[in-house]
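Structure data (mmCIF, C-alpha atoms) from structure34.cif:
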```
data_coords
loop_
_atom_site.group_PDB
_atom_site.id
_atom_site.type_symbol
_atom_site.label_atom_id
_atom_site.label_comp_id
_atom_site.auth_asym_id
_atom_site.auth_seq_id
_atom_site.Cartn_x
_atom_site.Cartn_y
_atom_site.Cartn_z
ATOM 1 C CA MET H 1 -189.349 -59.725 -80.538
ATOM 2 C CA PRO H 2 -187.223 -58.287 -77.667
ATOM 3 C CA ILE H 3 -183.544 -59.154 -77.379
ATOM 4 C CA ARG H 4 -182.842 -61.233 -74.279
ATOM 5 C CA ALA H 5 -179.531 -59.636 -73.287
ATOM 6 C CA TYR H 6 -177.730 -61.042 -70.258
ATOM 7 C CA CYS H 7 -174.797 -60.308 -67.945
ATOM 8 C CA THR H 8 -171.777 -62.450 -68.871
ATOM 9 C CA ILE H 9 -170.488 -62.261 -65.285
ATOM 10 C CA CYS H 10 -173.454 -63.899 -63.540
ATOM 11 C CA SER H 11 -175.136 -65.277 -66.722
ATOM 12 C CA ASP H 12 -178.534 -63.846 -65.676
ATOM 13 C CA PHE H 13 -180.759 -61.932 -68.119
ATOM 14 C CA PHE H 14 -181.192 -58.203 -67.664
ATOM 15 C CA ASP H 15 -184.475 -57.070 -66.120
ATOM 16 C CA HIS H 16 -185.901 -54.082 -64.277
ATOM 17 C CA SER H 17 -184.951 -55.407 -60.833
ATOM 18 C CA ARG H 18 -181.214 -54.767 -61.211
ATOM 19 C CA ASP H 19 -179.311 -51.818 -62.672
ATOM 20 C CA VAL H 20 -177.447 -52.398 -65.908
ATOM 21 C CA ALA H 21 -174.111 -50.652 -66.505
ATOM 22 C CA ALA H 22 -171.795 -50.351 -69.503
ATOM 23 C CA ILE H 23 -168.124 -49.574 -70.062
ATOM 24 C CA HIS H 24 -166.436 -47.746 -72.913
ATOM 25 C CA CYS H 25 -165.726 -50.918 -74.900
ATOM 26 C CA GLY H 26 -169.499 -51.329 -75.332
ATOM 27 C CA HIS H 27 -170.146 -54.406 -73.191
ATOM 28 C CA THR H 28 -172.915 -54.357 -70.609
ATOM 29 C CA PHE H 29 -173.210 -56.067 -67.230
ATOM 30 C CA HIS H 30 -175.159 -55.830 -64.026
ATOM 31 C CA TYR H 31 -173.796 -52.820 -62.162
ATOM 32 C CA GLU H 32 -173.257 -54.823 -58.964
ATOM 33 C CA CYS H 33 -171.536 -57.641 -60.863
ATOM 34 C CA LEU H 34 -169.190 -55.177 -62.567
ATOM 35 C CA LEU H 35 -168.212 -53.501 -59.296
ATOM 36 C CA GLN H 36 -167.575 -56.878 -57.691
ATOM 37 C CA TRP H 37 -165.490 -57.899 -60.709
ATOM 38 C CA PHE H 38 -163.296 -54.806 -60.361
ATOM 39 C CA GLN H 39 -162.866 -55.462 -56.634
ATOM 40 C CA THR H 40 -161.775 -59.098 -57.006
ATOM 41 C CA ALA H 41 -159.988 -59.223 -60.384
ATOM 42 C CA PRO H 42 -156.184 -58.719 -60.261
ATOM 43 C CA ASN H 43 -156.371 -56.284 -63.200
ATOM 44 C CA LYS H 44 -159.222 -53.925 -64.032
ATOM 45 C CA THR H 45 -160.226 -55.269 -67.440
ATOM 46 C CA CYS H 46 -163.486 -55.865 -69.242
ATOM 47 C CA PRO H 47 -164.834 -59.289 -68.176
ATOM 48 C CA GLN H 48 -165.704 -60.050 -71.793
ATOM 49 C CA CYS H 49 -163.059 -58.564 -74.098
ATOM 50 C CA ARG H 50 -160.303 -58.010 -71.460
ATOM 51 C CA LYS H 51 -159.645 -54.417 -72.471
ATOM 52 C CA GLN H 52 -158.119 -52.243 -69.763
ATOM 53 C CA VAL H 53 -160.808 -50.128 -68.070
ATOM 54 C CA SER H 54 -161.422 -48.429 -64.741
ATOM 55 C CA THR H 55 -164.378 -47.489 -62.565
ATOM 56 C CA ARG H 56 -164.336 -43.994 -64.099
ATOM 57 C CA HIS H 57 -165.365 -45.501 -67.444
ATOM 58 C CA ILE H 58 -168.544 -47.094 -66.083
ATOM 59 C CA ILE H 59 -171.901 -45.803 -67.293
ATOM 60 C CA ASN H 60 -173.713 -46.487 -64.058
ATOM 61 C CA LYS H 61 -177.208 -47.039 -65.392
ATOM 62 C CA LEU H 62 -178.704 -47.835 -68.771
ATOM 63 C CA PHE H 63 -182.383 -47.502 -69.628
ATOM 64 C CA PHE H 64 -184.009 -49.732 -72.247
ATOM 65 C CA ASP H 65 -187.186 -51.717 -72.606
ATOM 66 C CA ILE H 66 -187.047 -55.442 -71.949
ATOM 67 C CA GLY H 67 -189.926 -57.752 -72.835
ATOM 68 C CA GLY H 68 -191.840 -59.411 -70.016
ATOM 69 C CA GLU H 69 -191.232 -62.941 -68.889
ATOM 70 C CA GLY H 70 -194.388 -64.149 -70.631
ATOM 71 C CA GLU H 71 -193.595 -62.684 -74.039
ATOM 72 C CA GLY H 72 -192.417 -64.968 -76.801
ATOM 73 C CA SER H 73 -192.540 -68.678 -77.068
ATOM 74 C CA SER H 74 -190.028 -71.089 -75.637
ATOM 75 C CA ALA H 75 -189.702 -72.466 -79.132
ATOM 76 C CA ASP H 76 -189.018 -69.046 -80.658
ATOM 77 C CA PRO H 77 -185.778 -69.262 -82.723
ATOM 78 C CA GLU H 78 -184.517 -65.906 -81.489
ATOM 79 C CA CYS H 79 -185.001 -66.862 -77.847
ATOM 80 C CA LEU H 80 -183.362 -70.182 -78.463
ATOM 81 C CA GLN H 81 -180.434 -68.460 -80.167
ATOM 82 C CA ASN H 82 -180.037 -66.061 -77.247
ATOM 83 C CA GLU H 83 -180.109 -68.958 -74.819
ATOM 84 C CA LEU H 84 -177.571 -70.803 -76.933
ATOM 85 C CA ASP H 85 -175.320 -67.745 -76.974
ATOM 86 C CA ARG H 86 -175.624 -67.485 -73.213
ATOM 87 C CA MET H 87 -174.702 -71.121 -72.755
ATOM 88 C CA LYS H 88 -171.748 -70.693 -75.117
ATOM 89 C CA ALA H 89 -170.571 -67.721 -73.085
ATOM 90 C CA VAL H 90 -170.873 -69.728 -69.869
ATOM 91 C CA LEU H 91 -169.008 -72.619 -71.474
ATOM 92 C CA SER H 92 -166.292 -70.272 -72.715
ATOM 93 C CA THR H 93 -165.892 -68.852 -69.220
ATOM 94 C CA LYS H 94 -165.682 -72.336 -67.724
ATOM 95 C CA GLU H 95 -163.122 -73.413 -70.321
ATOM 96 C CA ARG H 96 -161.031 -70.323 -69.633
ATOM 97 C CA ASP H 97 -161.151 -71.014 -65.903
ATOM 98 C CA TRP H 98 -160.207 -74.629 -66.567
ATOM 99 C CA ARG H 99 -157.218 -73.578 -68.680
ATOM 100 C CA ASP H 100 -156.113 -71.131 -65.990
ATOM 101 C CA ARG H 101 -156.347 -73.822 -63.333
ATOM 102 C CA LEU H 102 -154.522 -76.296 -65.574
ATOM 103 C CA LYS H 103 -151.729 -73.788 -66.099
ATOM 104 C CA MET H 104 -151.571 -73.195 -62.348
ATOM 105 C CA LEU H 105 -151.436 -76.957 -61.758
ATOM 106 C CA GLU H 106 -148.566 -77.318 -64.223
ATOM 107 C CA GLY H 107 -146.731 -74.505 -62.459
ATOM 108 C CA LEU H 108 -147.224 -76.214 -59.105
ATOM 109 C CA LYS H 109 -146.000 -79.492 -60.571
ATOM 110 C CA GLU H 110 -142.837 -77.809 -61.833
ATOM 111 C CA THR H 111 -142.326 -76.284 -58.393
ATOM 112 C CA VAL H 112 -142.755 -79.685 -56.725
ATOM 113 C CA ASP H 113 -140.309 -81.312 -59.169
ATOM 114 C CA ARG H 114 -137.771 -78.564 -58.568
ATOM 115 C CA GLN H 115 -138.122 -78.847 -54.805
ATOM 116 C CA LYS H 116 -137.807 -82.631 -55.067
ATOM 117 C CA LYS H 117 -134.522 -82.219 -56.943
ATOM 118 C CA ASP H 118 -133.323 -79.766 -54.308
ATOM 119 C CA LEU H 119 -134.294 -82.246 -51.581
ATOM 120 C CA ASP H 120 -132.411 -85.068 -53.318
ATOM 121 C CA SER H 121 -129.376 -82.802 -53.628
ATOM 122 C CA VAL H 122 -129.540 -81.927 -49.926
ATOM 123 C CA ARG H 123 -129.887 -85.604 -48.995
ATOM 124 C CA LYS H 124 -126.856 -86.458 -51.121
ATOM 125 C CA GLU H 125 -124.856 -83.675 -49.510
ATOM 126 C CA ILE H 126 -125.890 -84.868 -46.041
ATOM 127 C CA GLY H 127 -124.774 -88.409 -46.948
ATOM 128 C CA GLU H 128 -121.393 -87.111 -48.089
ATOM 129 C CA LYS H 129 -121.006 -85.073 -44.894
ATOM 130 C CA GLU H 130 -121.903 -88.092 -42.757
ATOM 131 C CA MET H 131 -119.338 -90.198 -44.614
ATOM 132 C CA LEU H 132 -116.715 -87.500 -44.085
ATOM 133 C CA CYS H 133 -117.587 -87.340 -40.377
ATOM 134 C CA SER H 134 -117.192 -91.119 -40.138
ATOM 135 C CA VAL H 135 -113.747 -90.930 -41.754
ATOM 136 C CA LEU H 136 -112.736 -88.083 -39.438
ATOM 137 C CA ARG H 137 -113.907 -90.042 -36.383
ATOM 138 C CA LYS H 138 -111.777 -93.010 -37.459
ATOM 139 C CA GLN H 139 -108.787 -90.744 -37.993
ATOM 140 C CA MET H 140 -109.335 -89.139 -34.594
ATOM 141 C CA LYS H 141 -109.486 -92.551 -32.925
ATOM 142 C CA TYR H 142 -106.293 -93.564 -34.719
ATOM 143 C CA LEU H 143 -104.557 -90.374 -33.579
ATOM 144 C CA GLU H 144 -105.726 -90.971 -30.010
ATOM 145 C CA ASN H 145 -104.235 -94.468 -30.141
ATOM 146 C CA GLN H 146 -101.038 -93.031 -31.588
ATOM 147 C CA GLN H 147 -100.949 -90.456 -28.812
ATOM 148 C CA SER H 148 -101.378 -93.188 -26.183
ATOM 149 C CA GLU H 149 -98.592 -95.213 -27.762
ATOM 150 C CA THR H 150 -96.385 -92.122 -27.930
ATOM 151 C CA GLN H 151 -97.040 -91.381 -24.269
ATOM 152 C CA ALA H 152 -96.206 -94.984 -23.364
ATOM 153 C CA ALA H 153 -93.003 -94.740 -25.416
ATOM 154 C CA LYS H 154 -92.064 -91.531 -23.591
ATOM 155 C CA GLU H 155 -92.623 -93.231 -20.245
ATOM 156 C CA GLU H 156 -90.496 -96.181 -21.354
ATOM 157 C CA ALA H 157 -87.759 -93.832 -22.558
ATOM 158 C CA ARG H 158 -87.825 -91.977 -19.232
ATOM 159 C CA ARG H 159 -87.608 -95.285 -17.354
ATOM 160 C CA LEU H 160 -84.704 -96.416 -19.525
ATOM 161 C CA ARG H 161 -82.893 -93.108 -18.996
ATOM 162 C CA THR H 162 -83.300 -93.506 -15.247
ATOM 163 C CA LYS H 163 -82.041 -97.071 -15.453
ATOM 164 C CA MET H 164 -79.130 -95.981 -17.647
ATOM 165 C CA LYS H 165 -78.237 -93.290 -15.145
ATOM 166 C CA THR H 166 -78.307 -95.882 -12.372
ATOM 167 C CA TYR H 167 -75.990 -98.156 -14.364
ATOM 168 C CA GLU H 168 -73.648 -95.255 -15.002
ATOM 169 C CA SER H 169 -73.566 -94.521 -11.278
ATOM 170 C CA LEU H 170 -72.874 -98.186 -10.544
ATOM 171 C CA ASP H 171 -70.085 -98.110 -13.059
ATOM 172 C CA VAL H 172 -68.591 -95.177 -11.191
ATOM 173 C CA VAL H 173 -68.880 -97.115 -7.926
ATOM 174 C CA LEU H 174 -67.246 -100.187 -9.438
ATOM 175 C CA GLN H 175 -64.665 -98.614 -11.702
ATOM 176 C CA GLY H 176 -64.113 -95.107 -10.376
ATOM 177 C CA GLN H 177 -61.611 -93.735 -7.896
ATOM 178 C CA ARG H 178 -62.471 -93.101 -4.288
ATOM 179 C CA ALA H 179 -62.774 -89.378 -4.860
ATOM 180 C CA GLU H 180 -65.289 -89.924 -7.666
ATOM 181 C CA VAL H 181 -67.397 -92.260 -5.512
ATOM 182 C CA GLU H 182 -67.336 -89.851 -2.569
ATOM 183 C CA SER H 183 -68.322 -86.990 -4.878
ATOM 184 C CA MET H 184 -71.198 -89.005 -6.292
ATOM 185 C CA ILE H 185 -72.476 -89.969 -2.820
ATOM 186 C CA SER H 186 -72.117 -86.370 -1.685
ATOM 187 C CA ASP H 187 -74.185 -85.210 -4.652
ATOM 188 C CA MET H 188 -76.988 -87.541 -3.558
ATOM 189 C CA GLY H 189 -77.514 -85.511 -0.404
ATOM 190 C CA VAL H 190 -78.746 -86.768 2.942
ATOM 191 C CA GLY H 191 -82.502 -86.995 2.442
ATOM 192 C CA GLN H 192 -84.858 -89.875 1.796
ATOM 193 C CA ALA H 193 -84.118 -89.757 -1.918
ATOM 194 C CA ALA H 194 -80.410 -90.322 -1.247
ATOM 195 C CA VAL H 195 -81.204 -93.324 0.947
ATOM 196 C CA GLU H 196 -83.419 -94.810 -1.760
ATOM 197 C CA GLN H 197 -80.715 -94.287 -4.365
ATOM 198 C CA LEU H 198 -78.103 -96.038 -2.207
ATOM 199 C CA SER H 199 -80.556 -98.899 -1.665
ATOM 200 C CA ILE H 200 -80.912 -99.255 -5.419
ATOM 201 C CA PHE H 201 -77.126 -99.354 -5.792
ATOM 202 C CA CYS H 202 -76.827 -102.044 -3.128
ATOM 203 C CA ILE H 203 -79.533 -104.218 -4.673
ATOM 204 C CA SER H 204 -77.975 -103.809 -8.107
ATOM 205 C CA LEU H 205 -74.555 -104.828 -6.783
ATOM 206 C CA LYS H 206 -76.059 -107.988 -5.320
ATOM 207 C CA LYS H 207 -77.415 -108.905 -8.734
#
```
As structure tokens, what does this structure read like?
Amino acid sequence: MPIRAYCTICSDFFDHSRDVAAIHCGHTFHYECLLQWFQTAPNKTCPQCRKQVSTRHIINKLFFDIGGEGEGSSADPECLQNELDRMKAVLSTKERDWRDRLKMLEGLKETVDRQKKDLDSVRKEIGEKEMLCSVLRKQMKYLENQQSETQAAKEEARRLRTKMKTYESLDVVLQGQRAEVESMISDMGVGQAAVEQLSIFCISLKK
């Protein structure tokens, strides 16, 4: 009874229509499947035992006799065992792929959790910065009010100094000697400002 060997990459039985190749670890595959595996796999390893290999280790073509499609009975134990082995190999491949995808999913989940924590941290920092900006705006407004009050106080002080100077001049007019009064009037000059100053003195004396 012929052995129904098959390619563990595509899970198809070997026949005369496709070349069969082997690598130094002893495992056999369709030549096209093996080349495609080497082109797409991240590491050049045996698809079955995962040993490190390269394209130089490929035996490009094997020759052996394979029984025809009509030989043997579907109920033959050996055929059934070969089919069972093939199905087990397919199942093993699927389980390995599932584990790889599960591991990838767990890695993505960890990445998402880490990025979520980073996002929460950034949001917290933004909230703190906004609170600080609010406090600084209030302080700035307070300082602006203080500056306005200071400016008003300066204006009031200047007005009081002017008024005090006027009172001092009036005191000279009322209490001083003639020479002092004449000197003060002479210092005023003859312009419009002097006239206004004398008017202020006259109005103040009336009061």
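Computed from the coordinates, the atom CA of Pro42 of chain H to atom CA of Asp113 of chain H distance equals 27.6 Å.
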Between atom CA of Asn82 of chain H and atom CA of Phe13 of chain H, distance in Å (one decimal):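 Spanning atom CA of Asn82 of chain H to atom CA of Phe13 of chain H is a straight-line distance of 10.0 Å.
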Please write the residues picked by the PyMOL selection byres ((chain H and resi 26-30) around 12) on this file as a tab-separated table (two decimals) with C-alpha atoms, keeping the file's coordinate frame.
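Contents of the output file part-v3.tsv:
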```tsv
chain	number	residue	atom	x	y	z
H	5	ALA	CA	-179.53	-59.64	-73.29
H	6	TYR	CA	-177.73	-61.04	-70.26
H	7	CYS	CA	-174.80	-60.31	-67.94
H	8	THR	CA	-171.78	-62.45	-68.87
H	9	ILE	CA	-170.49	-62.26	-65.28
H	10	CYS	CA	-173.45	-63.90	-63.54
H	11	SER	CA	-175.14	-65.28	-66.72
H	12	ASP	CA	-178.53	-63.85	-65.68
H	13	PHE	CA	-180.76	-61.93	-68.12
H	14	PHE	CA	-181.19	-58.20	-67.66
H	15	ASP	CA	-184.48	-57.07	-66.12
H	16	HIS	CA	-185.90	-54.08	-64.28
H	17	SER	CA	-184.95	-55.41	-60.83
H	18	ARG	CA	-181.21	-54.77	-61.21
H	19	ASP	CA	-179.31	-51.82	-62.67
H	20	VAL	CA	-177.45	-52.40	-65.91
H	21	ALA	CA	-174.11	-50.65	-66.50
H	22	ALA	CA	-171.80	-50.35	-69.50
H	23	ILE	CA	-168.12	-49.57	-70.06
H	24	HIS	CA	-166.44	-47.75	-72.91
H	25	CYS	CA	-165.73	-50.92	-74.90
H	31	TYR	CA	-173.80	-52.82	-62.16
H	32	GLU	CA	-173.26	-54.82	-58.96
H	33	CYS	CA	-171.54	-57.64	-60.86
H	34	LEU	CA	-169.19	-55.18	-62.57
H	35	LEU	CA	-168.21	-53.50	-59.30
H	36	GLN	CA	-167.58	-56.88	-57.69
H	37	TRP	CA	-165.49	-57.90	-60.71
H	45	THR	CA	-160.23	-55.27	-67.44
H	46	CYS	CA	-163.49	-55.86	-69.24
H	47	PRO	CA	-164.83	-59.29	-68.18
H	48	GLN	CA	-165.70	-60.05	-71.79
H	49	CYS	CA	-163.06	-58.56	-74.10
H	50	ARG	CA	-160.30	-58.01	-71.46
H	51	LYS	CA	-159.65	-54.42	-72.47
H	53	VAL	CA	-160.81	-50.13	-68.07
H	57	HIS	CA	-165.36	-45.50	-67.44
H	58	ILE	CA	-168.54	-47.09	-66.08
H	59	ILE	CA	-171.90	-45.80	-67.29
H	60	ASN	CA	-173.71	-46.49	-64.06
H	61	LYS	CA	-177.21	-47.04	-65.39
H	62	LEU	CA	-178.70	-47.84	-68.77
H	63	PHE	CA	-182.38	-47.50	-69.63
```
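Atom CA of Ile200 of chain H is found 10.3 Å from atom CA of Tyr167 of chain H.
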